[in-house]
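final_4.cif follows (mmCIF, C-alpha atoms (C1' of nucleotides)):
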data_run
loop_
_atom_site.group_PDB
_atom_site.id
_atom_site.type_symbol
_atom_site.label_atom_id
_atom_site.label_comp_id
_atom_site.auth_asym_id
_atom_site.auth_seq_id
_atom_site.Cartn_x
_atom_site.Cartn_y
_atom_site.Cartn_z
ATOM 1 C CA MET A 1 34.065 -29.721 -28.220
ATOM 2 C CA GLN A 2 34.204 -29.390 -24.436
ATOM 3 C CA ARG A 3 37.613 -28.392 -23.120
ATOM 4 C CA ASP A 4 38.763 -29.072 -19.606
ATOM 5 C CA THR A 5 39.877 -25.650 -18.405
ATOM 6 C CA VAL A 6 41.183 -24.487 -15.057
ATOM 7 C CA GLN A 7 38.046 -22.375 -14.692
ATOM 8 C CA ARG A 8 35.659 -25.292 -15.115
ATOM 9 C CA ARG A 9 37.753 -27.498 -12.870
ATOM 10 C CA ALA A 10 37.609 -24.810 -10.179
ATOM 11 C CA ILE A 11 33.846 -24.470 -10.529
ATOM 12 C CA ARG A 12 33.280 -28.219 -10.297
ATOM 13 C CA LYS A 13 35.560 -28.321 -7.254
ATOM 14 C CA VAL A 14 33.552 -25.608 -5.538
ATOM 15 C CA PHE A 15 30.378 -27.673 -5.829
ATOM 16 C CA LYS A 16 32.079 -30.833 -4.606
ATOM 17 C CA ASP A 17 33.735 -29.022 -1.693
ATOM 18 C CA LEU A 18 30.733 -27.049 -0.457
ATOM 19 C CA GLY A 19 28.015 -29.621 -1.164
ATOM 20 C CA ARG A 20 25.147 -27.158 -1.064
ATOM 21 C CA PRO A 21 23.135 -25.172 -3.619
ATOM 22 C CA LEU A 22 25.070 -22.181 -4.937
ATOM 23 C CA SER A 23 24.134 -19.051 -6.835
ATOM 24 C CA PRO A 24 26.352 -17.783 -9.668
ATOM 25 C CA ALA A 25 27.583 -15.009 -7.362
ATOM 26 C CA GLU A 26 28.545 -17.548 -4.669
ATOM 27 C CA ILE A 27 30.293 -19.714 -7.249
ATOM 28 C CA LEU A 28 32.251 -16.720 -8.518
ATOM 29 C CA GLN A 29 33.304 -15.616 -5.056
ATOM 30 C CA THR A 30 34.392 -19.074 -3.951
ATOM 31 C CA ALA A 31 36.088 -20.153 -7.162
ATOM 32 C CA ARG A 32 38.186 -16.989 -7.233
ATOM 33 C CA ALA A 33 40.263 -18.537 -4.442
ATOM 34 C CA GLN A 34 41.541 -20.854 -7.173
ATOM 35 C CA VAL A 35 41.243 -18.577 -10.218
ATOM 36 C CA PRO A 36 41.613 -14.964 -9.023
ATOM 37 C CA ASN A 37 40.324 -13.176 -12.095
ATOM 38 C CA LEU A 38 37.550 -15.551 -12.987
ATOM 39 C CA GLY A 39 34.738 -13.690 -14.761
ATOM 40 C CA ILE A 40 31.035 -13.892 -14.054
ATOM 41 C CA ALA A 41 30.368 -14.699 -17.723
ATOM 42 C CA THR A 42 32.480 -17.832 -17.421
ATOM 43 C CA VAL A 43 30.522 -18.869 -14.340
ATOM 44 C CA TYR A 44 27.246 -18.545 -16.227
ATOM 45 C CA ARG A 45 28.633 -20.353 -19.270
ATOM 46 C CA SER A 46 29.998 -23.203 -17.167
ATOM 47 C CA VAL A 47 26.854 -23.555 -15.100
ATOM 48 C CA LYS A 48 24.789 -23.656 -18.278
ATOM 49 C CA GLY A 49 27.006 -26.353 -19.749
ATOM 50 C CA LEU A 50 27.139 -28.405 -16.545
ATOM 51 C CA THR A 51 23.354 -28.202 -16.298
ATOM 52 C CA GLU A 52 22.856 -29.275 -19.916
ATOM 53 C CA GLU A 53 25.086 -32.278 -19.423
ATOM 54 C CA GLY A 54 23.175 -33.169 -16.263
ATOM 55 C CA TRP A 55 25.969 -32.576 -13.754
ATOM 56 C CA LEU A 56 24.064 -29.720 -12.081
ATOM 57 C CA VAL A 57 20.368 -29.138 -11.503
ATOM 58 C CA PRO A 58 18.699 -25.718 -11.031
ATOM 59 C CA ILE A 59 17.058 -24.940 -7.692
ATOM 60 C CA ASP A 60 14.413 -22.229 -7.300
ATOM 61 C CA VAL A 61 14.344 -20.638 -3.878
ATOM 62 C CA PRO A 62 11.415 -18.312 -3.125
ATOM 63 C CA GLY A 63 12.402 -14.693 -3.550
ATOM 64 C CA GLU A 64 16.024 -15.453 -4.346
ATOM 65 C CA ALA A 65 18.284 -15.765 -7.348
ATOM 66 C CA GLN A 66 18.561 -19.073 -9.135
ATOM 67 C CA ARG A 67 20.861 -21.605 -7.504
ATOM 68 C CA TYR A 68 22.359 -24.866 -8.712
ATOM 69 C CA GLU A 69 23.414 -28.063 -7.017
ATOM 70 C CA LEU A 70 24.989 -31.404 -7.872
ATOM 71 C CA SER A 71 22.545 -33.754 -9.539
ATOM 72 C CA GLY A 72 21.936 -37.344 -8.506
ATOM 73 C CA LYS A 73 21.194 -36.689 -4.847
ATOM 74 C CA ASP A 74 18.436 -38.558 -3.063
ATOM 75 C CA HIS A 75 15.103 -36.819 -2.657
ATOM 76 C CA HIS A 76 15.598 -33.860 -0.348
ATOM 77 C CA HIS A 77 14.573 -30.274 0.364
ATOM 78 C CA HIS A 78 16.268 -27.068 1.462
ATOM 79 C CA PHE A 79 16.921 -25.040 4.573
ATOM 80 C CA SER A 80 17.578 -21.318 4.214
ATOM 81 C CA CYS A 81 19.600 -19.565 6.928
ATOM 82 C CA ARG A 82 18.231 -16.088 7.525
ATOM 83 C CA GLN A 83 21.508 -14.871 8.984
ATOM 84 C CA CYS A 84 24.176 -16.006 6.516
ATOM 85 C CA GLY A 85 21.867 -16.491 3.542
ATOM 86 C CA ARG A 86 23.248 -19.928 2.736
ATOM 87 C CA ILE A 87 21.014 -22.776 1.590
ATOM 88 C CA PHE A 88 21.498 -26.303 2.989
ATOM 89 C CA ASP A 89 20.081 -29.677 2.021
ATOM 90 C CA PHE A 90 18.154 -31.884 4.366
ATOM 91 C CA ASP A 91 16.985 -35.420 3.710
ATOM 92 C CA GLY A 92 13.471 -36.739 3.777
ATOM 93 C CA CYS A 93 10.184 -34.971 3.414
ATOM 94 C CA PRO A 94 6.765 -34.795 5.057
ATOM 95 C CA LYS A 95 4.714 -37.956 4.693
ATOM 96 C CA ASP A 96 1.238 -36.475 4.908
ATOM 97 C CA LEU A 97 1.245 -34.101 1.956
ATOM 98 C CA ALA A 98 -1.411 -35.964 -0.024
ATOM 99 C CA LYS A 99 -4.130 -35.149 2.472
ATOM 100 C CA LEU A 100 -3.502 -31.411 2.033
ATOM 101 C CA VAL A 101 -4.320 -31.347 -1.685
ATOM 102 C CA PRO A 102 -7.593 -29.491 -2.347
ATOM 103 C CA GLN A 103 -10.565 -31.534 -3.533
ATOM 104 C CA GLY A 104 -10.415 -32.203 -7.276
ATOM 105 C CA PHE A 105 -6.800 -31.053 -7.654
ATOM 106 C CA LEU A 106 -3.993 -33.298 -8.888
ATOM 107 C CA MET A 107 -0.660 -33.090 -7.083
ATOM 108 C CA GLU A 108 2.298 -33.920 -9.297
ATOM 109 C CA ASP A 109 5.117 -32.523 -7.206
ATOM 110 C CA HIS A 110 5.992 -30.700 -4.007
ATOM 111 C CA GLU A 111 8.603 -28.440 -2.457
ATOM 112 C CA VAL A 112 9.404 -27.739 1.183
ATOM 113 C CA PHE A 113 11.545 -24.882 2.446
ATOM 114 C CA LEU A 114 12.592 -24.438 6.048
ATOM 115 C CA TYR A 115 13.814 -21.090 7.344
ATOM 116 C CA GLY A 116 15.835 -20.248 10.424
ATOM 117 C CA ARG A 117 19.433 -20.321 11.675
ATOM 118 C CA CYS A 118 22.066 -22.799 10.561
ATOM 119 C CA ALA A 119 24.352 -24.459 13.122
ATOM 120 C CA ASP A 120 27.199 -21.996 12.451
ATOM 121 C CA CYS A 121 25.070 -18.887 12.817
ATOM 122 C CA ARG A 122 23.382 -20.219 15.912
ATOM 123 C CA LYS A 123 26.747 -20.376 17.651
ATOM 124 C CA ASP A 124 27.857 -16.884 16.699
ATOM 125 C CA ARG A 125 25.615 -15.061 19.106
ATOM 126 C CA MET B 1 -3.474 11.565 3.123
ATOM 127 C CA GLN B 2 -4.912 8.382 1.614
ATOM 128 C CA ARG B 3 -7.629 9.010 -0.942
ATOM 129 C CA ASP B 4 -10.262 6.455 -1.820
ATOM 130 C CA THR B 5 -10.074 6.330 -5.615
ATOM 131 C CA VAL B 6 -11.912 4.182 -8.120
ATOM 132 C CA GLN B 7 -8.606 2.514 -8.976
ATOM 133 C CA ARG B 8 -7.883 1.430 -5.396
ATOM 134 C CA ARG B 9 -11.450 0.297 -4.893
ATOM 135 C CA ALA B 10 -11.185 -1.835 -8.031
ATOM 136 C CA ILE B 11 -7.896 -3.368 -6.875
ATOM 137 C CA ARG B 12 -9.287 -4.208 -3.456
ATOM 138 C CA LYS B 13 -12.340 -5.723 -5.078
ATOM 139 C CA VAL B 14 -10.190 -7.940 -7.277
ATOM 140 C CA PHE B 15 -8.522 -9.459 -4.226
ATOM 141 C CA LYS B 16 -11.812 -9.989 -2.434
ATOM 142 C CA ASP B 17 -13.455 -11.513 -5.504
ATOM 143 C CA LEU B 18 -10.675 -13.876 -6.543
ATOM 144 C CA GLY B 19 -9.435 -14.884 -3.096
ATOM 145 C CA ARG B 20 -6.049 -16.129 -4.246
ATOM 146 C CA PRO B 21 -2.515 -14.707 -4.502
ATOM 147 C CA LEU B 22 -2.147 -12.329 -7.441
ATOM 148 C CA SER B 23 0.795 -10.852 -9.287
ATOM 149 C CA PRO B 24 0.755 -7.187 -10.342
ATOM 150 C CA ALA B 25 0.116 -8.312 -13.925
ATOM 151 C CA GLU B 26 -2.867 -10.409 -12.846
ATOM 152 C CA ILE B 27 -4.224 -7.523 -10.786
ATOM 153 C CA LEU B 28 -3.904 -5.166 -13.740
ATOM 154 C CA GLN B 29 -5.613 -7.533 -16.142
ATOM 155 C CA THR B 30 -8.501 -8.286 -13.807
ATOM 156 C CA ALA B 31 -9.038 -4.772 -12.479
ATOM 157 C CA ARG B 32 -9.245 -3.379 -16.015
ATOM 158 C CA ALA B 33 -12.707 -4.920 -16.231
ATOM 159 C CA GLN B 34 -13.685 -2.129 -13.817
ATOM 160 C CA VAL B 35 -11.206 0.559 -14.813
ATOM 161 C CA PRO B 36 -10.328 0.049 -18.493
ATOM 162 C CA ASN B 37 -7.249 2.232 -18.699
ATOM 163 C CA LEU B 38 -5.773 1.424 -15.336
ATOM 164 C CA GLY B 39 -1.993 1.743 -15.431
ATOM 165 C CA ILE B 40 0.561 -0.722 -14.116
ATOM 166 C CA ALA B 41 2.220 2.030 -12.061
ATOM 167 C CA THR B 42 -1.014 2.538 -10.165
ATOM 168 C CA VAL B 43 -1.176 -1.191 -9.467
ATOM 169 C CA TYR B 44 2.329 -1.128 -8.006
ATOM 170 C CA ARG B 45 1.629 2.015 -6.001
ATOM 171 C CA SER B 46 -1.608 0.590 -4.612
ATOM 172 C CA VAL B 47 -0.105 -2.786 -3.789
ATOM 173 C CA LYS B 48 2.752 -1.058 -1.992
ATOM 174 C CA GLY B 49 0.339 1.047 0.020
ATOM 175 C CA LEU B 50 -1.990 -1.848 0.824
ATOM 176 C CA THR B 51 0.997 -3.919 1.936
ATOM 177 C CA GLU B 52 2.346 -1.156 4.155
ATOM 178 C CA GLU B 53 -1.002 -0.751 5.847
ATOM 179 C CA GLY B 54 -1.174 -4.527 6.363
ATOM 180 C CA TRP B 55 -4.120 -5.238 4.090
ATOM 181 C CA LEU B 56 -1.984 -7.373 1.752
ATOM 182 C CA VAL B 57 0.977 -9.648 2.386
ATOM 183 C CA PRO B 58 3.671 -10.550 -0.169
ATOM 184 C CA ILE B 59 3.988 -14.166 -1.279
ATOM 185 C CA ASP B 60 7.196 -15.518 -2.819
ATOM 186 C CA VAL B 61 6.645 -18.421 -5.167
ATOM 187 C CA PRO B 62 9.788 -20.234 -6.344
ATOM 188 C CA GLY B 63 10.800 -19.095 -9.788
ATOM 189 C CA GLU B 64 7.887 -16.707 -10.238
ATOM 190 C CA ALA B 65 7.104 -13.027 -9.903
ATOM 191 C CA GLN B 66 6.097 -11.625 -6.544
ATOM 192 C CA ARG B 67 2.472 -12.140 -5.628
ATOM 193 C CA TYR B 68 0.251 -10.660 -2.936
ATOM 194 C CA GLU B 69 -2.747 -11.914 -1.019
ATOM 195 C CA LEU B 70 -5.191 -10.712 1.593
ATOM 196 C CA SER B 71 -3.685 -10.701 5.055
ATOM 197 C CA GLY B 72 -5.284 -12.233 8.096
ATOM 198 C CA LYS B 73 -5.910 -15.692 6.700
ATOM 199 C CA ASP B 74 -5.337 -18.779 8.804
ATOM 200 C CA HIS B 75 -2.051 -20.607 8.411
ATOM 201 C CA HIS B 76 -1.955 -22.103 4.917
ATOM 202 C CA HIS B 77 0.265 -22.857 1.933
ATOM 203 C CA HIS B 78 0.013 -22.676 -1.843
ATOM 204 C CA PHE B 79 -0.764 -24.860 -4.803
ATOM 205 C CA SER B 80 0.576 -23.862 -8.210
ATOM 206 C CA CYS B 81 -1.257 -25.082 -11.309
ATOM 207 C CA ARG B 82 1.219 -25.918 -14.047
ATOM 208 C CA GLN B 83 -1.387 -25.469 -16.764
ATOM 209 C CA CYS B 84 -3.088 -22.164 -15.981
ATOM 210 C CA GLY B 85 -0.318 -20.723 -13.810
ATOM 211 C CA ARG B 86 -2.710 -19.691 -11.047
ATOM 212 C CA ILE B 87 -1.822 -20.058 -7.379
ATOM 213 C CA PHE B 88 -4.375 -21.395 -4.896
ATOM 214 C CA ASP B 89 -4.446 -21.569 -1.122
ATOM 215 C CA PHE B 90 -4.852 -24.777 0.799
ATOM 216 C CA ASP B 91 -5.341 -25.146 4.527
ATOM 217 C CA GLY B 92 -3.223 -27.074 6.957
ATOM 218 C CA CYS B 93 0.374 -28.106 6.763
ATOM 219 C CA PRO B 94 2.574 -31.161 7.391
ATOM 220 C CA LYS B 95 2.856 -32.170 11.034
ATOM 221 C CA ASP B 96 6.250 -33.836 10.962
ATOM 222 C CA LEU B 97 8.463 -30.988 9.802
ATOM 223 C CA ALA B 98 10.422 -30.707 13.029
ATOM 224 C CA LYS B 99 12.071 -34.081 12.591
ATOM 225 C CA LEU B 100 13.498 -33.013 9.237
ATOM 226 C CA VAL B 101 15.549 -30.113 10.607
ATOM 227 C CA PRO B 102 19.300 -30.831 10.458
ATOM 228 C CA GLN B 103 21.122 -31.392 13.724
ATOM 229 C CA GLY B 104 22.050 -28.093 15.391
ATOM 230 C CA PHE B 105 19.838 -25.988 13.146
ATOM 231 C CA LEU B 106 16.987 -23.818 14.410
ATOM 232 C CA MET B 107 13.770 -23.837 12.392
ATOM 233 C CA GLU B 108 11.832 -20.589 12.669
ATOM 234 C CA ASP B 109 9.484 -20.961 9.733
ATOM 235 C CA HIS B 110 8.496 -23.170 6.831
ATOM 236 C CA GLU B 111 6.917 -23.062 3.393
ATOM 237 C CA VAL B 112 5.246 -25.812 1.400
ATOM 238 C CA PHE B 113 4.428 -25.600 -2.299
ATOM 239 C CA LEU B 114 2.414 -28.181 -4.184
ATOM 240 C CA TYR B 115 2.492 -28.376 -7.963
ATOM 241 C CA GLY B 116 0.069 -30.007 -10.379
ATOM 242 C CA ARG B 117 -3.292 -29.367 -12.001
ATOM 243 C CA CYS B 118 -6.120 -27.390 -10.463
ATOM 244 C CA ALA B 119 -9.687 -28.697 -10.609
ATOM 245 C CA ASP B 120 -10.578 -26.511 -13.604
ATOM 246 C CA CYS B 121 -7.578 -27.526 -15.691
ATOM 247 C CA ARG B 122 -8.038 -31.178 -14.858
ATOM 248 C CA LYS B 123 -11.491 -31.077 -16.434
ATOM 249 C CA ASP B 124 -10.439 -29.331 -19.636
ATOM 250 C CA ARG B 125 -8.672 -32.305 -21.198
ATOM 251 C "C1'" DC C 1 56.223 -27.401 -30.805
ATOM 252 C "C1'" DG C 2 52.765 -25.237 -33.762
ATOM 253 C "C1'" DC C 3 48.196 -24.542 -35.059
ATOM 254 C "C1'" DT C 4 43.162 -24.480 -34.879
ATOM 255 C "C1'" DT C 5 39.573 -22.887 -32.398
ATOM 256 C "C1'" DA C 6 36.987 -23.383 -27.960
ATOM 257 C "C1'" DA C 7 37.083 -20.790 -23.935
ATOM 258 C "C1'" DT C 8 37.987 -16.682 -21.333
ATOM 259 C "C1'" DG C 9 37.296 -11.889 -19.255
ATOM 260 C "C1'" DA C 10 35.682 -7.268 -19.628
ATOM 261 C "C1'" DT C 11 32.004 -4.927 -20.868
ATOM 262 C "C1'" DA C 12 27.992 -3.824 -23.477
ATOM 263 C "C1'" DA C 13 23.497 -5.361 -24.236
ATOM 264 C "C1'" DC C 14 19.401 -7.508 -22.892
ATOM 265 C "C1'" DG C 15 14.884 -8.891 -20.478
ATOM 266 C "C1'" DT C 16 11.868 -8.254 -17.114
ATOM 267 C "C1'" DA C 17 10.003 -6.503 -12.951
ATOM 268 C "C1'" DT C 18 9.606 -2.334 -10.470
ATOM 269 C "C1'" DT C 19 10.026 2.722 -9.590
ATOM 270 C "C1'" DT C 20 10.184 7.468 -10.869
ATOM 271 C "C1'" DT C 21 8.892 11.516 -13.500
ATOM 272 C "C1'" DC C 22 5.617 14.781 -14.921
ATOM 273 C "C1'" DG C 23 1.684 16.953 -16.820
ATOM 274 C "C1'" DA C 24 -3.259 15.994 -16.368
ATOM 275 C "C1'" DT C 25 -7.081 14.559 -13.446
ATOM 276 C "C1'" DA C 26 -10.158 13.835 -9.682
ATOM 277 C "C1'" DT C 27 -10.754 13.451 -4.500
ATOM 278 C "C1'" DG C 28 -12.346 15.444 -0.418
ATOM 279 C "C1'" DG C 29 -12.350 19.386 2.810
ATOM 280 C "C1'" DC C 30 -14.262 23.970 2.980
ATOM 281 C "C1'" DG D 1 -18.985 24.452 -6.437
ATOM 282 C "C1'" DC D 2 -13.974 25.707 -5.563
ATOM 283 C "C1'" DC D 3 -9.425 24.748 -4.545
ATOM 284 C "C1'" DA D 4 -5.270 22.391 -2.886
ATOM 285 C "C1'" DT D 5 -3.043 18.483 -3.781
ATOM 286 C "C1'" DA D 6 -2.995 13.363 -3.731
ATOM 287 C "C1'" DT D 7 -3.412 10.271 -7.405
ATOM 288 C "C1'" DC D 8 -3.436 8.938 -12.028
ATOM 289 C "C1'" DG D 9 -1.542 7.106 -16.721
ATOM 290 C "C1'" DA D 10 2.116 6.931 -20.000
ATOM 291 C "C1'" DA D 11 6.524 6.628 -20.619
ATOM 292 C "C1'" DA D 12 11.205 7.091 -19.194
ATOM 293 C "C1'" DA D 13 14.294 5.444 -15.837
ATOM 294 C "C1'" DT D 14 16.100 2.060 -12.782
ATOM 295 C "C1'" DA D 15 17.586 -2.460 -10.764
ATOM 296 C "C1'" DC D 16 19.516 -6.660 -11.393
ATOM 297 C "C1'" DG D 17 20.199 -11.129 -13.125
ATOM 298 C "C1'" DT D 18 21.638 -13.136 -17.330
ATOM 299 C "C1'" DT D 19 23.438 -13.304 -22.159
ATOM 300 C "C1'" DA D 20 26.052 -11.625 -26.230
ATOM 301 C "C1'" DT D 21 30.133 -9.415 -28.253
ATOM 302 C "C1'" DC D 22 34.831 -9.433 -29.309
ATOM 303 C "C1'" DA D 23 39.681 -9.276 -28.865
ATOM 304 C "C1'" DT D 24 42.843 -12.271 -26.401
ATOM 305 C "C1'" DT D 25 44.343 -16.651 -24.345
ATOM 306 C "C1'" DA D 26 45.205 -21.378 -23.956
ATOM 307 C "C1'" DA D 27 43.531 -26.472 -24.544
ATOM 308 C "C1'" DG D 28 44.754 -30.335 -26.921
ATOM 309 C "C1'" DC D 29 45.530 -32.794 -31.347
ATOM 310 C "C1'" DG D 30 48.974 -33.778 -34.955
#

Write-out of the structure in structure tokens:
Amino acid sequence: MQRDTVQRRAIRKVFKDLGRPLSPAEILQTARAQVPNLGIATVYRSVKGLTEEGWLVPIDVPGEAQRYELSGKDHHHHFSCRQCGRIFDFDGCPKDLAKLVPQGFLMEDHEVFLYGRCADCRKDR
Amino acid sequence: MQRDTVQRRAIRKVFKDLGRPLSPAEILQTARAQVPNLGIATVYRSVKGLTEEGWLVPIDVPGEAQRYELSGKDHHHHFSCRQCGRIFDFDGCPKDLAKLVPQGFLMEDHEVFLYGRCADCRKDR
DNA sequence: CGCTTAATGATAACGTATTTTCGATATGGC
DNA sequence: GCCATATCGAAAATACGTTATCATTAAGCG
């Protein structure tokens, strides 16, 4: 049975409030505002459960720890801020990917990552 | 002092022969054709040295172990074969990335990964 | 409210990639 | 060829993200 606990409610709220891909460490840090002594094990357990039930989807970012985001979004890719380390969504994707595929290869999927400064970090200095 | 050993020569040869990004495990496996009892520690030490001297560059592939490839290539991105697990280079990149950047964000860099079947694996079955 | 048991938190254990240790070996200058 | 020492290989140690353990807590049904 799945119980509706304060910990899981807090974790779901974090995803709905922040609306960007989060790592377990980010989830822990943010959700502790609601549940001060939340444990990392509970974060992993909840994320696993929420992923299995299709509420979250895993996101692989090159060279970084696994992140998760809300499922059901339109096709999109990710922007990584080099200053604050946060990952943001952006809509759309390049239209001319097919012509890049090497001769004889079959493209089934694609990923695009942009790197730079987010709007917040650009202001700072 | 940097010595020119049979192990380092074999590792350099592997990169020149295969011409694609390699993980330490792939390097070890391939270079053992030349140096049968090559150790993984030597692979890591050599890769570190070759990276520091700019002969190799590290490549982060989402969800996979660190890989390295020869430096000095023209701008390119990577294709990952889901069947054999090998990574291949492909030239060129999408032209319309700039319009995807969120309002207020600064794009400094980009990465594109294509996934599918390489020419070899497509033939197999 | 009382009870069953799923869920929690702290911590140990784990898996995997990478680095260090150390005695043995081989490179390269003389 | 000889020697100093950088490099090697094997294995232990480390780093770090994730999972398992277990005693305790609390969700939620009757």

Among listed residues B:Gln29, B:Ser23, B:Gln7, B:Gln66, nearest chain D (using all atoms listed in the file):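 Using all atoms listed in the file, the shortest distance to chain D belongs to B:Gln7.
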
What are the nearest atom pairs, with distances in Å to one decimal, for all residues of chain D that come at most 8 Å from chain A, using all atoms listed in the file, set out by chain and rising residue number as JSON lines?
{"residue": "D:DG17", "atom": "C1'", "partner": "A:Ala65", "partner_atom": "CA", "distance": 7.7}
{"residue": "D:DT18", "atom": "C1'", "partner": "A:Tyr44", "partner_atom": "CA", "distance": 7.9}
{"residue": "D:DA27", "atom": "C1'", "partner": "A:Arg3", "partner_atom": "CA", "distance": 6.4}

Using the chain letters and numbering of this document, enumerate as a PyMOL selection string the residues selected by the PyMOL selection byres ((chain B and resi 95-106) around 10). (chain A and resi 76-79+81+88-97+112+114-123) or (chain B and resi 92-94+107-110)

Residues matched by the PyMOL selection byres ((chain C) within 10 of (chain B)) as a ChimeraX atom specification: /C:16-20,26-28

Is it possible to see chain B as a short mmCIF file (atom, residue, chain, number, x, y, z; two decimals) with C-alpha atoms, keeping the file's coordinate frame, once it has been laid onto chain A by a least-squares fit on every C-alpha atom in order?
data_model
loop_
_atom_site.label_atom_id
_atom_site.label_comp_id
_atom_site.auth_asym_id
_atom_site.auth_seq_id
_atom_site.Cartn_x
_atom_site.Cartn_y
_atom_site.Cartn_z
CA MET B 1 33.89 -29.80 -28.32
CA GLN B 2 34.04 -29.45 -24.54
CA ARG B 3 37.44 -28.41 -23.24
CA ASP B 4 38.60 -29.11 -19.72
CA THR B 5 39.79 -25.70 -18.54
CA VAL B 6 41.12 -24.56 -15.19
CA GLN B 7 38.01 -22.42 -14.79
CA ARG B 8 35.59 -25.33 -15.21
CA ARG B 9 37.67 -27.55 -12.98
CA ALA B 10 37.58 -24.87 -10.28
CA ILE B 11 33.81 -24.49 -10.59
CA ARG B 12 33.24 -28.22 -10.35
CA LYS B 13 35.51 -28.37 -7.34
CA VAL B 14 33.54 -25.64 -5.60
CA PHE B 15 30.36 -27.68 -5.86
CA LYS B 16 32.04 -30.85 -4.65
CA ASP B 17 33.73 -29.06 -1.75
CA LEU B 18 30.76 -27.07 -0.48
CA GLY B 19 28.02 -29.61 -1.13
CA ARG B 20 25.16 -27.14 -1.04
CA PRO B 21 23.15 -25.13 -3.59
CA LEU B 22 25.10 -22.15 -4.91
CA SER B 23 24.17 -19.01 -6.79
CA PRO B 24 26.38 -17.76 -9.64
CA ALA B 25 27.66 -15.01 -7.32
CA GLU B 26 28.60 -17.55 -4.66
CA ILE B 27 30.32 -19.72 -7.25
CA LEU B 28 32.30 -16.76 -8.53
CA GLN B 29 33.39 -15.67 -5.08
CA THR B 30 34.44 -19.14 -3.99
CA ALA B 31 36.09 -20.23 -7.23
CA ARG B 32 38.24 -17.09 -7.29
CA ALA B 33 40.31 -18.66 -4.53
CA GLN B 34 41.55 -20.98 -7.29
CA VAL B 35 41.27 -18.69 -10.30
CA PRO B 36 41.68 -15.09 -9.09
CA ASN B 37 40.38 -13.27 -12.14
CA LEU B 38 37.58 -15.61 -13.03
CA GLY B 39 34.78 -13.73 -14.77
CA ILE B 40 31.07 -13.92 -14.03
CA ALA B 41 30.34 -14.69 -17.69
CA THR B 42 32.45 -17.82 -17.44
CA VAL B 43 30.50 -18.86 -14.35
CA TYR B 44 27.22 -18.50 -16.22
CA ARG B 45 28.57 -20.30 -19.28
CA SER B 46 29.92 -23.16 -17.19
CA VAL B 47 26.78 -23.50 -15.10
CA LYS B 48 24.70 -23.58 -18.27
CA GLY B 49 26.90 -26.28 -19.75
CA LEU B 50 27.03 -28.35 -16.57
CA THR B 51 23.25 -28.13 -16.28
CA GLU B 52 22.71 -29.19 -19.88
CA GLU B 53 24.93 -32.20 -19.43
CA GLY B 54 23.04 -33.09 -16.24
CA TRP B 55 25.86 -32.54 -13.77
CA LEU B 56 23.99 -29.68 -12.05
CA VAL B 57 20.31 -29.07 -11.43
CA PRO B 58 18.68 -25.65 -10.94
CA ILE B 59 17.07 -24.87 -7.59
CA ASP B 60 14.44 -22.14 -7.21
CA VAL B 61 14.33 -20.61 -3.77
CA PRO B 62 11.39 -18.27 -3.07
CA GLY B 63 12.42 -14.67 -3.42
CA GLU B 64 16.05 -15.41 -4.21
CA ALA B 65 18.34 -15.72 -7.20
CA GLN B 66 18.58 -19.01 -9.03
CA ARG B 67 20.86 -21.56 -7.44
CA TYR B 68 22.35 -24.83 -8.66
CA GLU B 69 23.41 -28.03 -6.97
CA LEU B 70 24.96 -31.36 -7.84
CA SER B 71 22.50 -33.70 -9.49
CA GLY B 72 21.90 -37.26 -8.45
CA LYS B 73 21.22 -36.65 -4.78
CA ASP B 74 18.49 -38.52 -2.96
CA HIS B 75 15.14 -36.81 -2.55
CA HIS B 76 15.62 -33.84 -0.23
CA HIS B 77 14.60 -30.25 0.45
CA HIS B 78 16.28 -27.03 1.53
CA PHE B 79 16.92 -25.00 4.63
CA SER B 80 17.61 -21.28 4.27
CA CYS B 81 19.61 -19.53 6.98
CA ARG B 82 18.25 -16.05 7.56
CA GLN B 83 21.53 -14.83 9.02
CA CYS B 84 24.20 -16.01 6.58
CA GLY B 85 21.91 -16.48 3.59
CA ARG B 86 23.29 -19.93 2.80
CA ILE B 87 21.05 -22.78 1.66
CA PHE B 88 21.50 -26.28 3.07
CA ASP B 89 20.08 -29.64 2.11
CA PHE B 90 18.13 -31.83 4.47
CA ASP B 91 16.97 -35.37 3.86
CA GLY B 92 13.45 -36.69 3.96
CA CYS B 93 10.17 -34.94 3.50
CA PRO B 94 6.71 -34.75 5.10
CA LYS B 95 4.65 -37.91 4.76
CA ASP B 96 1.18 -36.42 4.90
CA LEU B 97 1.25 -34.10 1.90
CA ALA B 98 -1.36 -35.99 -0.09
CA LYS B 99 -4.14 -35.15 2.32
CA LEU B 100 -3.52 -31.44 1.85
CA VAL B 101 -4.23 -31.41 -1.89
CA PRO B 102 -7.50 -29.59 -2.70
CA GLN B 103 -10.42 -31.66 -3.91
CA GLY B 104 -10.16 -32.38 -7.65
CA PHE B 105 -6.55 -31.25 -7.93
CA LEU B 106 -3.71 -33.49 -9.07
CA MET B 107 -0.42 -33.22 -7.18
CA GLU B 108 2.59 -34.06 -9.32
CA ASP B 109 5.35 -32.62 -7.18
CA HIS B 110 6.13 -30.73 -4.00
CA GLU B 111 8.70 -28.44 -2.43
CA VAL B 112 9.41 -27.73 1.22
CA PHE B 113 11.53 -24.84 2.47
CA LEU B 114 12.56 -24.37 6.08
CA TYR B 115 13.80 -21.03 7.36
CA GLY B 116 15.81 -20.19 10.46
CA ARG B 117 19.38 -20.28 11.71
CA CYS B 118 22.02 -22.77 10.65
CA ALA B 119 24.26 -24.43 13.23
CA ASP B 120 27.13 -22.01 12.59
CA CYS B 121 25.03 -18.86 12.92
CA ARG B 122 23.31 -20.16 16.02
CA LYS B 123 26.67 -20.38 17.77
CA ASP B 124 27.87 -16.90 16.80
CA ARG B 125 25.60 -14.99 19.16
#
